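What's in query.csv: CSV, C-alpha atoms
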chain,number,residue,atom,x,y,z
L,25,ILE,CA,-12.7,95.4,-10.1
L,26,ALA,CA,-13.6,98.3,-12.3
L,27,ASP,CA,-11.8,96.5,-15.1
L,28,TYR,CA,-14.1,93.4,-14.6
L,29,LEU,CA,-17.2,95.6,-14.4
L,30,VAL,CA,-16.5,96.9,-18.0
L,31,GLY,CA,-15.9,93.3,-19.3
L,32,ARG,CA,-12.1,93.4,-19.1
L,33,GLN,CA,-12.1,96.0,-21.8
L,34,LYS,CA,-9.1,98.1,-20.8
L,35,GLU,CA,-9.7,100.6,-23.6
L,36,SER,CA,-13.2,101.4,-22.2
L,37,LEU,CA,-11.8,102.1,-18.7
L,38,LEU,CA,-9.0,104.2,-20.2
L,39,THR,CA,-11.7,106.3,-22.0
L,40,TYR,CA,-13.4,106.9,-18.7
L,41,LEU,CA,-10.1,107.8,-17.1
L,42,ARG,CA,-9.2,110.4,-19.7
L,43,GLU,CA,-12.6,111.7,-20.7
L,44,ASP,CA,-14.7,111.5,-17.6
L,45,PRO,CA,-12.3,111.1,-14.6
L,46,GLN,CA,-14.8,112.3,-12.1
L,47,SER,CA,-17.2,109.5,-12.8
L,48,LEU,CA,-14.4,107.0,-12.6
L,49,HIS,CA,-13.3,108.4,-9.2
L,50,GLN,CA,-16.8,108.1,-7.9
L,51,GLY,CA,-17.0,104.4,-9.0
L,52,LEU,CA,-13.5,103.6,-7.6
L,53,ALA,CA,-14.4,105.3,-4.3
L,54,VAL,CA,-17.4,103.0,-3.9
L,55,ILE,CA,-15.4,99.9,-4.8
L,56,ALA,CA,-12.6,100.8,-2.3
L,57,GLU,CA,-15.2,101.5,0.5
L,58,THR,CA,-16.9,98.1,-0.2
L,59,TYR,CA,-13.6,96.2,-0.1
L,60,ALA,CA,-12.4,98.1,3.0
L,61,LYS,CA,-15.5,96.9,4.8
L,62,TYR,CA,-15.1,93.4,3.4
L,63,VAL,CA,-11.5,93.0,4.7
L,64,GLN,CA,-12.5,94.3,8.1
L,65,LEU,CA,-15.2,91.6,8.2
L,66,CYS,CA,-12.5,89.1,7.2
L,67,LEU,CA,-10.4,90.3,10.1
L,68,GLU,CA,-13.2,89.7,12.5
L,69,ARG,CA,-13.4,86.1,11.2
L,70,GLY,CA,-9.7,85.6,12.1
L,71,VAL,CA,-7.8,85.9,8.8
L,72,SER,CA,-4.0,86.6,9.0
L,73,GLY,CA,-4.0,89.0,6.1
L,74,ILE,CA,-5.1,89.4,2.5
L,75,PHE,CA,-3.7,88.7,-1.0
L,76,PHE,CA,-4.1,92.1,-2.7
L,77,ALA,CA,-3.7,91.8,-6.5
L,78,ILE,CA,-3.1,94.7,-8.8
L,79,SER,CA,-4.1,93.1,-12.1
L,80,GLY,CA,-1.9,94.8,-14.7
L,81,TRP,CA,-2.8,98.4,-14.2
L,82,ALA,CA,0.3,99.6,-12.3
L,83,SER,CA,2.3,99.4,-15.6
L,84,ARG,CA,4.0,101.8,-17.8
L,85,ASP,CA,2.3,100.0,-20.7
L,86,LEU,CA,-1.1,101.4,-19.6
L,87,LEU,CA,-0.8,104.4,-17.3
L,88,THR,CA,1.7,107.1,-16.4
L,89,GLU,CA,3.0,106.9,-12.8
L,90,GLU,CA,1.0,110.0,-12.0
L,91,GLU,CA,-2.2,108.4,-13.4
L,92,TYR,CA,-1.7,105.3,-11.3
L,93,ALA,CA,-1.0,107.4,-8.2
L,94,GLU,CA,-4.3,109.2,-8.8
L,95,PHE,CA,-6.6,106.3,-9.9
L,96,GLY,CA,-4.9,103.4,-8.3
L,97,LEU,CA,-2.7,104.1,-5.3
L,98,ARG,CA,-5.2,106.2,-3.4
L,99,TYR,CA,-7.9,103.5,-3.6
L,100,ASP,CA,-5.5,100.6,-3.0
L,101,LEU,CA,-4.4,102.2,0.2
L,102,LYS,CA,-8.0,102.7,1.4
L,103,VAL,CA,-8.4,98.9,1.3
L,104,LEU,CA,-5.0,98.0,2.6
L,105,THR,CA,-5.0,100.4,5.5
L,106,ALA,CA,-8.4,99.0,6.6
L,107,ILE,CA,-6.7,95.7,7.3
L,108,HIS,CA,-3.2,96.6,8.1
L,109,ASP,CA,-3.5,97.2,11.8
L,110,GLY,CA,-5.1,93.9,12.5
L,111,ALA,CA,-3.3,91.6,10.0
L,112,PHE,CA,0.3,90.3,10.3
L,113,PHE,CA,0.7,88.9,6.8
L,114,ASN,CA,-0.6,90.8,3.7
L,115,ILE,CA,0.7,89.9,0.2
L,116,LEU,CA,0.9,92.4,-2.5
L,117,HIS,CA,0.7,90.8,-6.0
L,118,ILE,CA,1.8,93.1,-8.9
L,119,CYS,CA,0.7,91.6,-12.2
L,120,GLY,CA,2.0,92.5,-15.6
L,121,ASN,CA,5.0,94.0,-17.5
L,122,ASN,CA,7.0,97.2,-16.8
L,123,THR,CA,5.4,97.6,-13.3
L,124,TYR,CA,5.8,100.6,-11.0
L,125,PHE,CA,7.6,98.4,-8.5
L,126,ASP,CA,9.1,101.3,-6.5
L,127,LEU,CA,5.8,103.2,-6.3
L,128,LEU,CA,4.1,100.1,-4.8
L,129,SER,CA,7.0,98.8,-2.6
L,130,ASN,CA,5.9,101.0,0.3
L,131,TYR,CA,2.4,99.5,0.5
L,132,PRO,CA,1.5,98.1,3.9
L,133,ALA,CA,2.2,94.5,3.0
L,134,GLN,CA,4.8,92.0,4.4
L,135,ALA,CA,5.6,90.4,1.0
L,136,ILE,CA,5.6,91.5,-2.6
L,137,ASN,CA,4.9,88.9,-5.4
L,138,TRP,CA,5.6,89.5,-9.1
L,139,THR,CA,6.8,87.7,-12.2
L,140,VAL,CA,10.5,88.4,-12.5
L,141,ALA,CA,10.7,87.0,-16.1
L,142,LEU,CA,8.4,89.7,-17.6
L,143,PRO,CA,9.9,92.7,-19.5
L,144,GLY,CA,10.7,95.7,-17.4
L,145,ASN,CA,10.3,93.9,-14.0
L,146,PRO,CA,13.1,93.7,-11.4
L,147,SER,CA,14.9,90.5,-10.6
L,148,LEU,CA,14.5,89.0,-7.2
L,149,ARG,CA,17.9,90.4,-6.3
L,150,GLU,CA,16.9,93.9,-7.5
L,151,GLY,CA,13.6,93.7,-5.7
L,152,LEU,CA,15.3,92.7,-2.5
L,153,HIS,CA,17.4,95.9,-2.6
L,154,ARG,CA,14.5,98.1,-3.6
L,155,THR,CA,12.2,97.2,-0.7
L,156,ASP,CA,12.4,96.1,2.9
L,157,LYS,CA,9.5,93.6,2.3
L,158,ALA,CA,9.9,89.9,1.7
L,159,VAL,CA,10.1,89.1,-2.0
L,160,MET,CA,7.9,86.3,-3.4
L,161,GLY,CA,8.5,84.6,-6.7
L,162,GLY,CA,11.3,83.2,-8.7
L,163,VAL,CA,9.7,80.4,-10.6
L,164,ASP,CA,8.1,81.1,-14.0
L,165,GLN,CA,4.6,79.8,-13.9
L,166,ASN,CA,4.0,80.0,-17.7
L,167,THR,CA,7.1,78.3,-18.9
L,168,THR,CA,9.3,76.5,-16.5
L,169,LEU,CA,6.7,75.3,-14.0
L,170,LYS,CA,4.1,74.4,-16.6
L,171,ASP,CA,6.1,73.1,-19.5
L,172,GLY,CA,9.7,72.6,-18.2
L,173,ARG,CA,11.4,69.5,-17.1
L,174,PRO,CA,12.0,68.9,-13.3
L,175,GLU,CA,15.7,69.7,-13.7
L,176,GLN,CA,14.8,73.0,-15.2
L,177,VAL,CA,12.5,73.8,-12.2
L,178,VAL,CA,15.3,72.9,-9.9
L,179,ALA,CA,17.7,75.2,-11.7
L,180,GLU,CA,15.3,78.1,-11.5
L,181,VAL,CA,14.6,77.5,-7.8
L,182,CYS,CA,18.4,77.4,-7.1
L,183,ARG,CA,18.9,80.6,-9.1
L,184,ALA,CA,16.2,82.4,-7.1
L,185,ILE,CA,17.8,81.3,-3.8
L,186,GLU,CA,21.2,82.3,-5.0
L,187,GLN,CA,20.0,85.8,-6.0
L,188,THR,CA,18.6,86.4,-2.5
L,189,GLN,CA,20.8,84.1,-0.4
L,190,GLY,CA,17.5,82.8,0.9
L,191,LEU,CA,17.0,86.1,2.7
L,192,ARG,CA,13.4,87.5,2.8
L,193,LEU,CA,12.4,85.0,0.1
L,194,PHE,CA,9.2,83.2,-0.3
L,195,LEU,CA,9.8,80.8,-3.2
L,196,ALA,CA,6.7,80.9,-5.4
L,197,PRO,CA,5.5,81.4,-9.0
L,198,GLY,CA,5.1,84.9,-10.2
L,199,CYS,CA,1.3,84.5,-10.6
L,200,SER,CA,-1.4,81.8,-10.5
L,201,ILE,CA,-0.3,78.1,-11.0
L,202,SER,CA,-2.1,76.4,-13.9
L,203,PRO,CA,-4.0,73.2,-13.1
L,204,GLN,CA,-1.9,71.8,-15.9
L,205,VAL,CA,1.4,72.0,-14.0
L,206,PRO,CA,2.7,68.5,-13.6
L,207,GLU,CA,3.0,67.3,-10.0
L,208,THR,CA,6.5,66.2,-10.7
L,209,ASN,CA,7.5,69.8,-11.3
L,210,LEU,CA,5.9,70.9,-8.0
L,211,ARG,CA,7.7,68.2,-6.2
L,212,ALA,CA,11.0,69.2,-7.9
L,213,ALA,CA,10.6,72.7,-6.6
L,214,ARG,CA,10.0,71.5,-3.1
L,215,ARG,CA,12.9,69.1,-3.3
L,216,ALA,CA,15.2,71.9,-4.5
L,217,ARG,CA,14.1,74.1,-1.6
L,218,ASP,CA,14.8,71.3,0.9
L,219,ASN,CA,18.2,70.7,-0.7
L,220,PHE,CA,19.1,74.4,-0.2
L,221,GLY,CA,18.2,73.9,3.5
L,222,ALA,CA,20.6,71.0,3.6
L,223,GLY,CA,23.3,73.0,1.8
L,224,LYS,CA,23.0,71.2,-1.5
L,225,CYS,CA,21.3,73.6,-3.9

As structure tokens:
Amino acid sequence: IADYLVGRQKESLLTYLREDPQSLHQGLAVIAETYAKYVQLCLERGVSGIFFAISGWASRDLLTEEEYAEFGLRYDLKVLTAIHDGAFFNILHICGNNTYFDLLSNYPAQAINWTVALPGNPSLREGLHRTDKAVMGGVDQNTTLKDGRPEQVVAEVCRAIEQTQGLRLFLAPGCSISPQVPETNLRAARRARDNFGAGKC
């Protein structure tokens, strides 16, 4: 949210982080408090959980692990713990390359979603062994799903299922699905999933 407030200019936010950290902490505290109240209101309206997205900041490309623990983790958890006791299905989405997967894997969520194809990120198999959460992903939304042929989508789905043996797996893209994704590719992914259930993948 702070990133959006400075116009998605990451360098501006990094300047605040390193030259005026106290002001940034004050802003992040207000953002976290606002969203903690918001998710509590969502709970009162009957939601099952939230999709909590970390948009690129939990990455070795931007911050040290210590910096993310100070400026990210502490505020993430203020929001997530506000909903955790009343929600049974929270999804943690970790966006970007070279993510701090292990640092985030203990967040109070039931599933972790990330793009396995990006540099420095764990495979589904590795993720499954590094967390007790369900893993969510396996299909590349930028290449295979959007521009690939249906048979390529099927192959990627089968590879995801083989890596996890179908255990604790939510088959999904690693991030948002473009409106330009052909319906034939979405149907191919569903068909491959169904074929696995029938022992054919």

Q.
Give me the residues near Val159 of chain L as a PyMOL selection string, where near means some atom within 12 Å (using only C-alpha atoms) and where sequence neighbours in that chain fewer than 4 positions away do not count.
A. chain L and resi 115-118+125+129+133-140+146-155+184-185+187-198

Q.
So that I can check the surroundings of Arg42 of chain L, please list as number ranges by chain every protein, DNA and RNA residue that reaches within 10 Å of it, counting only C-alpha atoms and ignoring chain neighbours fewer than 5 positions away.
A. L: 37, 48, 91

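Only residues having an atom at most 12 Å from (4.8, 102.8, -3.7) are included; using all atoms listed in the file, these are Ala82, Glu89, Glu90, Tyr92, Ala93, Gly96, Leu97, Arg98, Asp100, Leu101, Leu116, Ile118, Thr123, Tyr124, Phe125, Asp126, Leu127, Leu128, Ser129, Asn130, Tyr131, Pro132, Ala133, Ile136, Arg154, Thr155 and Lys157 of chain L.
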
(Q) Tell me which residues come within 12 Å of (-10.9, 89.3, 9.1), as a list in words, counting only C-alpha atoms in the file's coordinates. (A) Tyr59, Ala60, Lys61, Tyr62, Val63, Gln64, Leu65, Cys66, Leu67, Glu68, Arg69, Gly70, Val71, Ser72, Gly73, Ile74, Ala106, Ile107, His108, Asp109, Gly110, Ala111, Phe112, Phe113 and Asn114 of chain L

Q: For segment 207-223 of chain L, please output as a PyMOL selection string all residues within 10 Å (counting only C-alpha atoms; exclusion window: fewer than 2 positions along the same chain).
A: chain L and resi 163+168-182+185-186+189-190+195-196+201+203-205+225

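Going from atom CA of Thr58 of chain L over to atom CA of Arg84 of chain L, you cover 27.6 Å.
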
Q. In terms of the shortest atom-to-atom distance over only C-alpha atoms, which of L:Val30, L:Leu142, L:Cys199, L:Ala53 is closest to Glu94 of chain L?
A. L:Ala53

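Put simply, atom CA of Asp85 of chain L is 28.0 Å away from atom CA of Arg183 of chain L.
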
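Closest to Cys119 of chain L among L:Ser79, L:Asn145, L:Thr88, L:Gln50 is L:Ser79, based on all atoms listed in the file.
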
Q.
Give me the residues near Phe95 of chain L as JSON, numbers by chain, where near means some atom within 9 Å (using all atoms listed in the file) and where sequence neighbours in that chain fewer than 6 positions away do not count.
A. {"L": [41, 45, 48, 49, 52]}

Next, write the just-selected residues to a file, as an mmCIF file, in the coordinates of the input, keeping C-alpha atoms as the atom set.
data_model
loop_
_atom_site.group_PDB
_atom_site.id
_atom_site.type_symbol
_atom_site.label_atom_id
_atom_site.label_comp_id
_atom_site.auth_asym_id
_atom_site.auth_seq_id
_atom_site.Cartn_x
_atom_site.Cartn_y
_atom_site.Cartn_z
ATOM 1 C CA LEU L 41 -10.100 107.800 -17.100
ATOM 2 C CA PRO L 45 -12.300 111.100 -14.600
ATOM 3 C CA LEU L 48 -14.400 107.000 -12.600
ATOM 4 C CA HIS L 49 -13.300 108.400 -9.200
ATOM 5 C CA LEU L 52 -13.500 103.600 -7.600
#

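Atom CA of Ser36 of chain L to atom CA of Gly51 of chain L spans 14.1 Å [interatomic distance, one decimal].
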
Q: Determine, counting all atoms listed in the file, which protein, DNA and RNA residues have an atom within 7 Å of an atom of Ser83 of chain L; residues of the same chain fewer than 2 positions away are not included. Present the result as a ChimeraX atom specification.
A: /L:80-81,85-87,120-124
